[in-house]
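K.L.:
What follows is input.txt, compact mmCIF, C-alpha atoms.
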# COMPACT_ATOMS: atom_id res chain seq x y z
CA MET A 1 -5.36 151.97 81.50
CA ARG A 2 -7.24 148.70 81.86
CA LYS A 3 -10.55 150.53 81.43
CA LEU A 4 -9.25 152.30 78.31
CA PHE A 5 -8.08 148.98 76.85
CA LEU A 6 -11.41 147.29 77.54
CA SER A 7 -13.35 150.12 75.90
CA HIS A 8 -11.11 150.11 72.80
CA THR A 9 -9.97 146.50 72.70
CA THR A 10 -10.45 146.03 68.97
CA GLU A 11 -8.44 149.12 68.09
CA PHE A 12 -5.53 148.17 70.39
CA VAL A 13 -5.48 144.62 69.03
CA LEU A 14 -5.50 145.85 65.43
CA ILE A 15 -2.65 148.27 66.12
CA GLY A 16 -0.66 145.42 67.67
CA VAL A 17 -1.33 143.12 64.71
CA ILE A 18 -0.41 145.86 62.20
CA VAL A 19 2.85 146.58 64.03
CA ALA A 20 3.73 142.87 64.25
CA MET A 21 2.90 142.29 60.59
CA SER A 22 4.88 145.36 59.53
CA VAL A 23 7.94 144.14 61.43
CA PHE A 24 7.64 140.70 59.84
CA LEU A 25 7.19 142.09 56.33
CA GLY A 26 10.08 144.50 56.94
CA PHE A 27 12.38 141.52 57.43
CA ALA A 28 10.72 139.44 54.70
CA THR A 29 10.94 142.09 51.97
CA ASP A 30 13.28 144.98 51.22
CA ARG A 31 10.61 147.38 49.98
CA PHE A 32 7.88 147.19 52.61
CA LEU A 33 9.38 149.53 55.23
CA THR A 34 10.04 152.36 52.77
CA LEU A 35 8.40 155.77 52.57
CA GLY A 36 7.43 155.16 48.95
CA ASN A 37 5.60 151.93 49.81
CA ALA A 38 3.88 153.58 52.80
CA PHE A 39 2.61 156.42 50.60
CA ASP A 40 1.51 153.92 47.94
CA LEU A 41 -0.48 152.05 50.60
CA LEU A 42 -2.26 155.27 51.58
CA ASN A 43 -3.00 156.20 47.96
CA ILE A 44 -4.30 152.74 47.12
CA SER A 45 -6.34 152.42 50.35
CA ALA A 46 -7.98 155.86 50.11
CA VAL A 47 -11.00 154.74 48.03
CA ASN A 48 -11.62 151.67 50.20
CA ILE A 49 -11.45 153.75 53.39
CA ILE A 50 -14.03 156.18 51.97
CA PHE A 51 -16.25 153.18 51.18
CA ALA A 52 -15.59 151.75 54.64
CA VAL A 53 -16.65 154.79 56.68
CA GLY A 54 -19.88 154.92 54.68
CA LEU A 55 -20.55 151.21 55.23
CA LEU A 56 -19.75 151.65 58.93
CA VAL A 57 -22.75 153.97 59.34
CA VAL A 58 -25.05 151.38 57.73
CA LEU A 59 -23.70 148.60 59.94
CA ILE A 60 -24.10 150.75 63.06
CA ALA A 61 -27.75 151.25 62.07
CA GLY A 62 -28.23 147.48 61.91
CA GLY A 63 -28.22 147.18 58.12
CA ILE A 64 -25.86 145.76 55.53
CA ASP A 65 -25.15 146.88 51.98
CA ILE A 66 -23.16 145.07 49.32
CA SER A 67 -24.23 147.26 46.39
CA PHE A 68 -22.12 150.33 47.18
CA ALA A 69 -19.14 149.44 44.97
CA VAL A 70 -21.35 148.88 41.94
CA ALA A 71 -23.28 152.04 42.82
CA ALA A 72 -19.97 153.92 42.74
CA SER A 73 -19.33 152.52 39.24
CA VAL A 74 -22.74 153.79 38.12
CA VAL A 75 -21.97 157.18 39.67
CA GLN A 76 -18.69 157.35 37.73
CA TYR A 77 -20.51 156.96 34.42
CA VAL A 78 -23.36 159.32 35.33
CA THR A 79 -20.88 161.96 36.49
CA ALA A 80 -18.69 161.61 33.40
CA LEU A 81 -21.70 161.98 31.06
CA ALA A 82 -23.11 164.90 33.06
CA LEU A 83 -19.78 166.71 33.02
CA GLU A 84 -19.61 166.27 29.25
CA ARG A 85 -23.07 167.83 28.95
CA ILE A 86 -22.12 170.92 30.98
CA GLY A 87 -18.84 171.42 29.16
CA GLY A 88 -16.38 169.93 31.63
CA GLY A 89 -17.25 171.56 34.93
CA GLY A 90 -14.81 171.46 37.84
CA TRP A 91 -14.19 169.80 41.18
CA VAL A 92 -17.19 171.48 42.84
CA SER A 93 -19.66 170.45 40.15
CA GLY A 94 -18.09 166.99 39.94
CA LEU A 95 -18.42 166.37 43.67
CA LEU A 96 -21.98 167.73 43.70
CA ILE A 97 -23.05 165.47 40.83
CA ALA A 98 -21.29 162.39 42.20
CA GLY A 99 -22.51 162.96 45.74
CA SER A 100 -26.12 163.57 44.64
CA ALA A 101 -26.16 160.50 42.39
CA GLY A 102 -24.73 158.38 45.19
CA ILE A 103 -27.30 159.63 47.71
CA PHE A 104 -30.07 158.86 45.21
CA LEU A 105 -28.92 155.26 44.75
CA GLY A 106 -28.57 154.84 48.51
CA ALA A 107 -32.08 156.26 49.00
CA ILE A 108 -33.45 153.63 46.62
CA ASN A 109 -32.09 150.91 48.91
CA ALA A 110 -33.51 152.65 51.98
CA PHE A 111 -36.93 153.06 50.34
CA LEU A 112 -37.17 149.38 49.39
CA ILE A 113 -36.05 148.26 52.85
CA HIS A 114 -38.41 150.57 54.74
CA ARG A 115 -41.44 150.48 52.43
CA PHE A 116 -41.57 146.74 51.83
CA ARG A 117 -39.97 145.58 55.11
CA ILE A 118 -37.32 143.55 53.28
CA ILE A 119 -34.05 142.53 54.94
CA SER A 120 -31.31 144.92 53.84
CA ILE A 121 -28.93 142.25 52.55
CA VAL A 122 -31.67 140.86 50.26
CA VAL A 123 -32.46 144.32 48.90
CA THR A 124 -28.81 145.19 48.27
CA ILE A 125 -28.12 141.85 46.58
CA ALA A 126 -30.97 142.71 44.22
CA THR A 127 -29.84 146.29 43.60
CA PHE A 128 -26.25 145.08 43.20
CA ASN A 129 -27.34 142.98 40.22
CA ILE A 130 -29.75 145.61 38.90
CA TYR A 131 -27.20 148.44 39.02
CA PHE A 132 -24.43 146.38 37.48
CA GLY A 133 -26.72 144.87 34.82
CA LEU A 134 -28.03 148.28 33.77
CA LEU A 135 -24.50 149.71 33.72
CA MET A 136 -23.15 146.97 31.48
CA PHE A 137 -26.25 147.03 29.27
CA PHE A 138 -26.10 150.76 28.54
CA THR A 139 -22.30 151.06 28.36
CA LYS A 140 -21.68 147.68 26.70
CA GLY A 141 -18.59 147.45 28.87
CA VAL A 142 -16.88 150.35 27.08
CA SER A 143 -14.60 152.53 29.19
CA ILE A 144 -14.57 156.34 29.11
CA TYR A 145 -11.14 157.86 28.53
CA ASN A 146 -12.16 161.36 27.42
CA LEU A 147 -12.50 162.98 30.83
CA PRO A 148 -12.06 166.67 31.78
CA ASP A 149 -8.48 167.77 32.34
CA TRP A 150 -9.14 168.75 35.96
CA LEU A 151 -10.27 165.19 36.71
CA THR A 152 -7.35 163.42 35.03
CA THR A 153 -4.58 165.81 36.10
CA ARG A 154 -2.76 164.16 38.99
CA VAL A 155 -2.94 166.34 42.10
CA ILE A 156 0.10 165.76 44.31
CA VAL A 157 -0.30 167.11 47.82
CA TYR A 158 3.16 166.10 49.07
CA GLU A 159 6.15 164.54 47.38
CA ARG A 160 9.68 163.59 48.32
CA GLU A 161 12.53 162.26 46.22
CA MET A 162 14.00 158.99 47.45
CA ALA A 163 17.63 157.90 47.42
CA ASP A 164 17.12 155.72 44.34
CA GLY A 165 15.69 158.63 42.34
CA SER A 166 12.04 157.62 42.66
CA TRP A 167 9.38 159.87 44.17
CA ALA A 168 7.15 159.17 47.15
CA GLU A 169 3.84 160.99 46.70
CA ILE A 170 0.62 161.62 48.57
CA THR A 171 -2.18 162.42 46.15
CA LEU A 172 -5.59 164.13 46.37
CA PRO A 173 -7.62 160.96 47.20
CA VAL A 174 -5.75 160.70 50.53
CA VAL A 175 -6.80 164.23 51.51
CA VAL A 176 -10.42 163.60 50.47
CA MET A 177 -10.31 160.32 52.43
CA ALA A 178 -9.12 162.17 55.55
CA ILE A 179 -11.98 164.67 55.20
CA CYS A 180 -14.53 161.85 54.82
CA VAL A 181 -13.12 160.04 57.86
CA LEU A 182 -13.29 163.20 59.97
CA ALA A 183 -16.81 164.03 58.75
CA THR A 184 -18.04 160.51 59.57
CA TRP A 185 -16.45 160.60 63.03
CA LEU A 186 -18.09 163.94 63.79
CA PHE A 187 -21.41 162.70 62.43
CA ILE A 188 -21.68 159.47 64.43
CA SER A 189 -20.02 160.61 67.65
CA ARG A 190 -20.82 164.30 67.99
CA THR A 191 -24.40 164.63 66.72
CA THR A 192 -27.78 163.58 68.08
CA THR A 193 -28.54 161.77 64.82
CA GLY A 194 -25.37 159.71 65.20
CA ARG A 195 -26.36 158.63 68.72
CA GLN A 196 -29.82 157.76 67.43
CA LEU A 197 -28.25 155.55 64.75
CA TYR A 198 -26.38 153.62 67.46
CA ALA A 199 -29.59 153.27 69.50
CA PHE A 200 -31.59 152.18 66.47
CA GLY A 201 -29.01 149.58 65.47
CA ASP A 202 -28.72 148.21 68.98
CA ASN A 203 -32.47 147.99 69.68
CA PRO A 204 -34.79 148.97 66.79
CA GLU A 205 -38.00 148.33 68.71
CA GLY A 206 -36.79 150.25 71.75
CA ALA A 207 -35.70 153.12 69.50
CA ARG A 208 -39.12 153.20 67.87
CA ARG A 209 -40.86 153.33 71.25
CA PHE A 210 -38.52 156.11 72.31
CA GLY A 211 -39.76 158.16 69.36
CA ILE A 212 -36.87 157.73 66.89
CA ASN A 213 -38.07 157.85 63.28
CA ILE A 214 -37.15 154.43 61.86
CA GLY A 215 -37.56 155.46 58.22
CA ALA A 216 -35.38 158.53 58.71
CA MET A 217 -32.63 156.42 60.30
CA GLN A 218 -32.57 154.08 57.30
CA PHE A 219 -32.56 156.89 54.75
CA ILE A 220 -29.79 158.72 56.64
CA ALA A 221 -27.61 155.59 56.98
CA PHE A 222 -27.94 154.42 53.37
CA GLY A 223 -27.84 158.00 52.10
CA TRP A 224 -24.53 158.56 53.91
CA LEU A 225 -23.10 155.41 52.36
CA GLY A 226 -24.39 156.57 48.97
CA LEU A 227 -22.65 159.92 49.45
CA MET A 228 -19.38 158.20 50.35
CA ALA A 229 -19.76 155.81 47.39
CA GLY A 230 -20.24 158.75 45.04
CA ILE A 231 -17.15 160.52 46.36
CA ALA A 232 -15.13 157.30 46.24
CA GLY A 233 -16.21 156.68 42.65
CA LEU A 234 -15.02 160.14 41.62
CA MET A 235 -11.70 159.63 43.43
CA GLN A 236 -11.24 156.28 41.70
CA ALA A 237 -11.81 157.93 38.31
CA HIS A 238 -9.27 160.63 39.23
CA TYR A 239 -6.70 158.07 40.40
CA ALA A 240 -7.14 155.75 37.38
CA GLN A 241 -7.65 158.68 34.94
CA GLU A 242 -10.44 156.73 33.25
CA VAL A 243 -13.88 155.29 33.96
CA VAL A 244 -14.02 151.49 33.71
CA PRO A 245 -17.39 149.74 34.26
CA ASN A 246 -16.05 146.90 36.41
CA ALA A 247 -13.11 148.69 38.07
CA LEU A 248 -14.78 148.63 41.49
CA TYR A 249 -16.65 145.36 41.05
CA GLY A 250 -15.76 142.92 43.84
CA ARG A 251 -14.48 145.46 46.37
CA GLU A 252 -17.61 145.15 48.50
CA LEU A 253 -16.44 141.97 50.27
CA ASP A 254 -12.95 143.33 50.91
CA VAL A 255 -14.43 146.47 52.48
CA LEU A 256 -17.03 144.52 54.46
CA ALA A 257 -14.32 142.24 55.84
CA ALA A 258 -12.22 145.24 56.87
CA VAL A 259 -15.10 147.06 58.59
CA VAL A 260 -16.22 143.97 60.51
CA LEU A 261 -12.61 143.27 61.41
CA GLY A 262 -12.46 146.83 62.74
CA GLY A 263 -15.11 146.05 65.32
CA ALA A 264 -18.40 146.90 63.60
CA ARG A 265 -21.08 144.42 64.63
CA LEU A 266 -23.26 142.92 61.91
CA GLY A 267 -26.21 143.07 64.31
CA GLY A 268 -25.85 146.85 64.61
CA GLY A 269 -25.21 149.30 67.43
CA LYS A 270 -21.43 148.97 67.53
CA GLY A 271 -18.47 150.30 65.56
CA SER A 272 -15.85 153.05 65.49
CA VAL A 273 -14.23 155.07 62.74
CA LEU A 274 -10.73 154.33 64.05
CA GLY A 275 -11.37 150.59 64.08
CA CYS A 276 -12.83 150.83 60.60
CA VAL A 277 -9.74 152.62 59.21
CA LEU A 278 -7.38 150.19 60.96
CA GLY A 279 -9.31 147.26 59.52
CA VAL A 280 -8.91 148.58 55.98
CA LEU A 281 -5.21 149.27 56.54
CA LEU A 282 -4.67 145.75 57.89
CA VAL A 283 -6.33 144.20 54.83
CA SER A 284 -4.31 146.50 52.53
CA ILE A 285 -1.06 145.70 54.32
CA THR A 286 -1.82 141.99 53.99
CA GLN A 287 -2.41 142.31 50.26
CA ASN A 288 0.63 144.53 49.78
CA GLY A 289 2.85 142.15 51.75
CA LEU A 290 1.67 139.13 49.78
CA ASN A 291 2.37 140.96 46.51
CA LEU A 292 5.88 141.96 47.62
CA MET A 293 6.58 138.38 48.70
CA GLY A 294 5.39 137.05 45.34
CA VAL A 295 2.42 135.13 46.73
CA SER A 296 -0.43 134.40 44.31
CA PRO A 297 -3.20 137.03 44.39
CA PHE A 298 -5.74 134.22 44.69
CA ALA A 299 -4.39 133.55 48.17
CA PHE A 300 -5.56 137.03 49.18
CA LYS A 301 -9.19 136.11 48.50
CA MET A 302 -8.84 133.09 50.76
CA ILE A 303 -7.38 135.30 53.48
CA VAL A 304 -10.25 137.81 53.13
CA GLY A 305 -12.73 134.96 53.58
CA ALA A 306 -10.87 133.80 56.68
CA ILE A 307 -10.83 137.38 58.02
CA ILE A 308 -14.62 137.65 57.63
CA LEU A 309 -15.14 134.34 59.42
CA ALA A 310 -12.71 135.18 62.23
CA ALA A 311 -14.08 138.70 62.69
CA ILE A 312 -17.68 137.50 62.95
CA THR A 313 -16.67 134.74 65.36
CA LEU A 314 -14.67 137.10 67.58
CA SER A 315 -17.40 139.75 67.55
CA SER A 316 -19.82 137.16 68.93
CA ALA A 317 -17.57 136.26 71.85
CA ARG A 318 -16.94 138.30 74.99
CA ILE A 319 -13.45 139.70 75.32
CA GLU A 320 -13.22 138.26 78.83
CA LYS A 321 -13.56 134.76 77.38
CA LEU A 322 -10.84 135.43 74.83
CA VAL A 323 -8.46 137.13 77.27
CA PRO A 324 -9.22 135.68 80.75
CA ILE A 325 -6.81 138.02 82.54
CA LEU A 326 -9.09 140.94 81.66
CA ALA A 327 -12.19 139.35 83.19
CA PRO A 328 -13.42 140.81 86.48
CA ARG A 329 -11.94 138.75 89.31
CA LYS A 330 -14.49 136.90 91.41
CA PRO A 331 -13.80 136.98 95.15
CA ALA A 332 -12.90 133.74 96.84
CA ASP A 333 -15.33 132.19 99.33
CA GLY A 334 -13.23 133.42 102.26
CA GLU A 335 -13.16 136.97 100.89
CA ALA A 336 -16.89 136.91 100.30
CA ALA A 337 -17.53 135.68 103.85
CA ALA A 338 -15.23 138.32 105.29
CA ARG A 339 -17.03 141.03 103.35
CA GLY A 340 -20.34 139.70 104.63
CA GLU A 341 -19.13 139.77 108.25
CA SER A 342 -17.78 143.29 107.88
CA ARG A 343 -21.19 144.45 106.80
Please render this file's structure as structure tokens.
P.N.:
Amino acid sequence: MRKLFLSHTTEFVLIGVIVAMSVFLGFATDRFLTLGNAFDLLNISAVNIIFAVGLLVVLIAGGIDISFAVAASVVQYVTALALERIGGGGWVSGLLIAGSAGIFLGAINAFLIHRFRIISIVVTIATFNIYFGLLMFFTKGVSIYNLPDWLTTRVIVYEREMADGSWAEITLPVVVMAICVLATWLFISRTTTGRQLYAFGDNPEGARRFGINIGAMQFIAFGWLGLMAGIAGLMQAHYAQEVVPNALYGRELDVLAAVVLGGARLGGGKGSVLGCVLGVLLVSITQNGLNLMGVSPFAFKMIVGAIILAAITLSSARIEKLVPILAPRKPADGEAAARGESR
């Protein structure tokens, strides 16, 4: 049990914090511990979780990307215009277009990073501004409301009527999110490429000497995030039933905070899908609880900043220093001497 806890410390701690916070919010508000609110949390968190599992792969590979949310906004517009050109299309064509556009934008980041040897955060800050500037320039900030019926029709996977007459619903984005989470877990934990991404993020020079293709690792990591961003953008358009240029603007820091909180190391080589999902849920629960308690939304931004700072600080410290009882016990002088005599 102790070994299991040490190998999954972050996940156990996050589960404990989520349970404690849920109990507190259950007493503080009447609505938090209801099925309707739980389903709403899942529906609202679905897009961010899709973003998060994509960003996790980039962080594992030792990179960082803050352009994915804006890239998803670009994908929304490109997909909407392409669907109009082909006469409406369907879910298959929509996912193919969105996924391909997302991979293309991710590949641009990977190309700039690999070809010009530029730090990933610098490249993605640049592409963040370029993508958003081009989007606003060409769209003039105008939203698209005339979307195909299949995209705007609400797909309810499960619903249940509550005692007060309202309905608790799980919608399509939650199912797509679950598929993306499973696909990412299989990719990074059950494939040779996934293990190579961990090795590359942990020790790039050692990975290169071992024969791992550095360029391929970067294109795969940023391409995977681009794919997830494209899917998330399409799910956001489906959920909102419209395409708004700045609807996803600003989510990058919330998602980054959640993924780092979930145990992903900014230096690369560490991170888990479960921790990533728990991190997003904790941030969403915090925001939901503050809203139900009537706290100003500006306070949430301060909390996200504190979460980023705390997560980075904790990820730099050894767990044994934070929880001394878990540290390996050093033998006393008498025990050491006795062991020496027995030998």
K.L.:
What separation in Å, quoted to one decimal, exists between atom CA of Ile64 of chain A and atom CA of Thr139 of chain A?
P.N.:
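Computing it gives 27.9 Å between the two atoms.
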K.L.:
Quick one: everything within 10 Å of Ala199 of chain A, counting only C-alpha atoms, minus sequence neighbours fewer than 6 positions away in the same chain. Send it as a list in words.
P.N.:
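Non-adjacent residues within range: Ile60, Ala61, Gly62, Thr193, Glu205, Gly206, Ala207, Arg208, Phe210, Ile212, Gly268, Gly269 and Lys270 of chain A.
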K.L.:
Using atom CA of Thr9 of chain A and atom CA of Gly262 of chain A as the two end points, give the distance in Å to one decimal.
P.N.:
10.3 Å
K.L.:
Per residue of segment 137-255 of chain A within 8 Å of segment 111-114 of chain A, which atom pair is closest and at what distance in Å (one decimal), using all atoms listed in the file, listed by chain and increasing number, as CSV?
P.N.:
residue,atom,partner,partner_atom,distance
A:Gly215,CA,A:His114,CA,6.1
A:Gln218,CA,A:His114,CA,7.3
A:Phe219,CA,A:Phe111,CA,7.3
K.L.:
One number please: atom CA of Ala82 of chain A to atom CA of Leu135 of chain A, in Å, one decimal.
P.N.:
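Taking atom CA of Ala82 of chain A and atom CA of Leu135 of chain A, their separation equals 15.3 Å.
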K.L.:
Show which residues sit within 12 Å of Ser120 of chain A, as an MDAnalysis selection string. Count only C-alpha atoms, and ignore same-chain residues fewer than 4 positions away.
P.N.:
chainID A and resid 58:59 61:67 106 108:116 124:128 218 221:222 266:267
K.L.:
From (-2.4, 143.7, 54.7), in the file's coordinates, out to 10 Å: which residues are reached, counting all atoms listed in the file? Answer as a tab-separated table (two decimals) with C-alpha atoms, keeping the file's coordinate frame.
P.N.:
chain	number	residue	atom	x	y	z
A	18	ILE	CA	-0.41	145.86	62.20
A	21	MET	CA	2.90	142.29	60.59
A	22	SER	CA	4.88	145.36	59.53
A	25	LEU	CA	7.19	142.09	56.33
A	41	LEU	CA	-0.48	152.05	50.60
A	279	GLY	CA	-9.31	147.26	59.52
A	280	VAL	CA	-8.91	148.58	55.98
A	281	LEU	CA	-5.21	149.27	56.54
A	282	LEU	CA	-4.67	145.75	57.89
A	283	VAL	CA	-6.33	144.20	54.83
A	284	SER	CA	-4.31	146.50	52.53
A	285	ILE	CA	-1.06	145.70	54.32
A	286	THR	CA	-1.82	141.99	53.99
A	287	GLN	CA	-2.41	142.31	50.26
A	288	ASN	CA	0.63	144.53	49.78
A	289	GLY	CA	2.85	142.15	51.75
A	290	LEU	CA	1.67	139.13	49.78
A	291	ASN	CA	2.37	140.96	46.51
A	300	PHE	CA	-5.56	137.03	49.18
A	303	ILE	CA	-7.38	135.30	53.48
A	304	VAL	CA	-10.25	137.81	53.13
K.L.:
So that I can see what lies close to segment 224-236 of chain A, please list as a ChimeraX atom specification the residues with an atom at most 6 Å from it, counting all atoms listed in the file and leaving out residues fewer than 2 positions away in the same chain.
P.N.:
/A:47,50-51,54-55,68,72,75-76,98-99,102-103,106,173,220-222,238-240
K.L.:
Calculated over all atoms listed in the file, which of the candidates A:Leu261, A:Ser100, A:Ala69, A:Ile44 has the smallest distance to Asn129 of chain A?
P.N.:
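With all atoms listed in the file as the atom set, the closest residue is A:Ala69.
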K.L.:
Skipping near chain neighbours, those fewer than 4 positions away, what residues fall within 7 Å of segment 156-169 of chain A using all atoms listed in the file, listed as a ChimeraX atom specification?
P.N.:
/A:35-36,39
K.L.:
Taking all atoms listed in the file into account, name the residue in A:Val277, A:Asp254, A:Gly211, A:Val295 that is nearest to Ile15 of chain A.
P.N.:
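Under the stated criterion, the closest residue is A:Val277.
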K.L.:
List the spatial neighbours of Ser143 of chain A as a PyMOL selection string - criterion: any atom at most 12 Å away, all atoms listed in the file, same-chain residues fewer than 5 positions off excluded.
P.N.:
chain A and resi 73+76-77+80-81+135-136+138+237+240-247
K.L.:
Please complete segment 153-175 of chain A with N, CA and C atoms and give it back as a compact mmCIF listing (two decimals), in the frame of the given file.
P.N.:
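After the write, rebuild.txt holds the following:
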# COMPACT_ATOMS: atom_id res chain seq x y z
N THR A 153 -5.87 165.25 35.68
CA THR A 153 -4.58 165.81 36.10
C THR A 153 -4.27 165.36 37.52
N ARG A 154 -3.14 164.70 37.68
CA ARG A 154 -2.76 164.16 38.99
C ARG A 154 -2.45 165.30 39.96
N VAL A 155 -3.15 165.31 41.09
CA VAL A 155 -2.94 166.34 42.10
C VAL A 155 -2.06 165.76 43.20
N ILE A 156 -0.85 166.25 43.31
CA ILE A 156 0.10 165.76 44.31
C ILE A 156 0.14 166.74 45.47
N VAL A 157 -0.25 166.26 46.63
CA VAL A 157 -0.30 167.11 47.82
C VAL A 157 1.06 167.22 48.47
N TYR A 158 1.82 166.11 48.47
CA TYR A 158 3.16 166.10 49.07
C TYR A 158 4.00 165.10 48.30
N GLU A 159 5.24 165.45 48.06
CA GLU A 159 6.15 164.54 47.38
C GLU A 159 7.56 164.68 47.93
N ARG A 160 8.30 163.59 47.83
CA ARG A 160 9.68 163.59 48.32
C ARG A 160 10.50 162.63 47.47
N GLU A 161 11.66 163.09 47.04
CA GLU A 161 12.53 162.26 46.22
C GLU A 161 13.30 161.29 47.11
N MET A 162 13.32 160.03 46.68
CA MET A 162 14.00 158.99 47.45
C MET A 162 15.45 158.85 46.98
N ALA A 163 16.21 158.07 47.72
CA ALA A 163 17.63 157.90 47.42
C ALA A 163 17.86 157.26 46.06
N ASP A 164 16.94 156.39 45.63
CA ASP A 164 17.12 155.72 44.34
C ASP A 164 16.60 156.54 43.16
N GLY A 165 16.17 157.77 43.43
CA GLY A 165 15.69 158.63 42.34
C GLY A 165 14.19 158.61 42.14
N SER A 166 13.50 157.68 42.78
CA SER A 166 12.04 157.62 42.66
C SER A 166 11.40 158.66 43.58
N TRP A 167 10.10 158.87 43.39
CA TRP A 167 9.38 159.87 44.17
C TRP A 167 8.29 159.22 45.00
N ALA A 168 8.23 159.60 46.27
CA ALA A 168 7.15 159.17 47.15
C ALA A 168 6.12 160.29 47.18
N GLU A 169 4.86 159.95 46.87
CA GLU A 169 3.84 160.99 46.70
C GLU A 169 2.57 160.67 47.49
N ILE A 170 1.98 161.71 48.02
CA ILE A 170 0.62 161.62 48.57
C ILE A 170 -0.28 162.43 47.66
N THR A 171 -1.33 161.80 47.16
CA THR A 171 -2.18 162.42 46.15
C THR A 171 -3.52 162.88 46.75
N LEU A 172 -4.31 163.54 45.93
CA LEU A 172 -5.59 164.13 46.37
C LEU A 172 -6.53 163.13 47.05
N PRO A 173 -6.69 161.88 46.54
CA PRO A 173 -7.62 160.96 47.20
C PRO A 173 -7.33 160.76 48.69
N VAL A 174 -6.08 160.86 49.11
CA VAL A 174 -5.75 160.70 50.53
C VAL A 174 -6.33 161.85 51.34
N VAL A 175 -6.25 163.07 50.81
CA VAL A 175 -6.80 164.23 51.51
C VAL A 175 -8.33 164.13 51.59
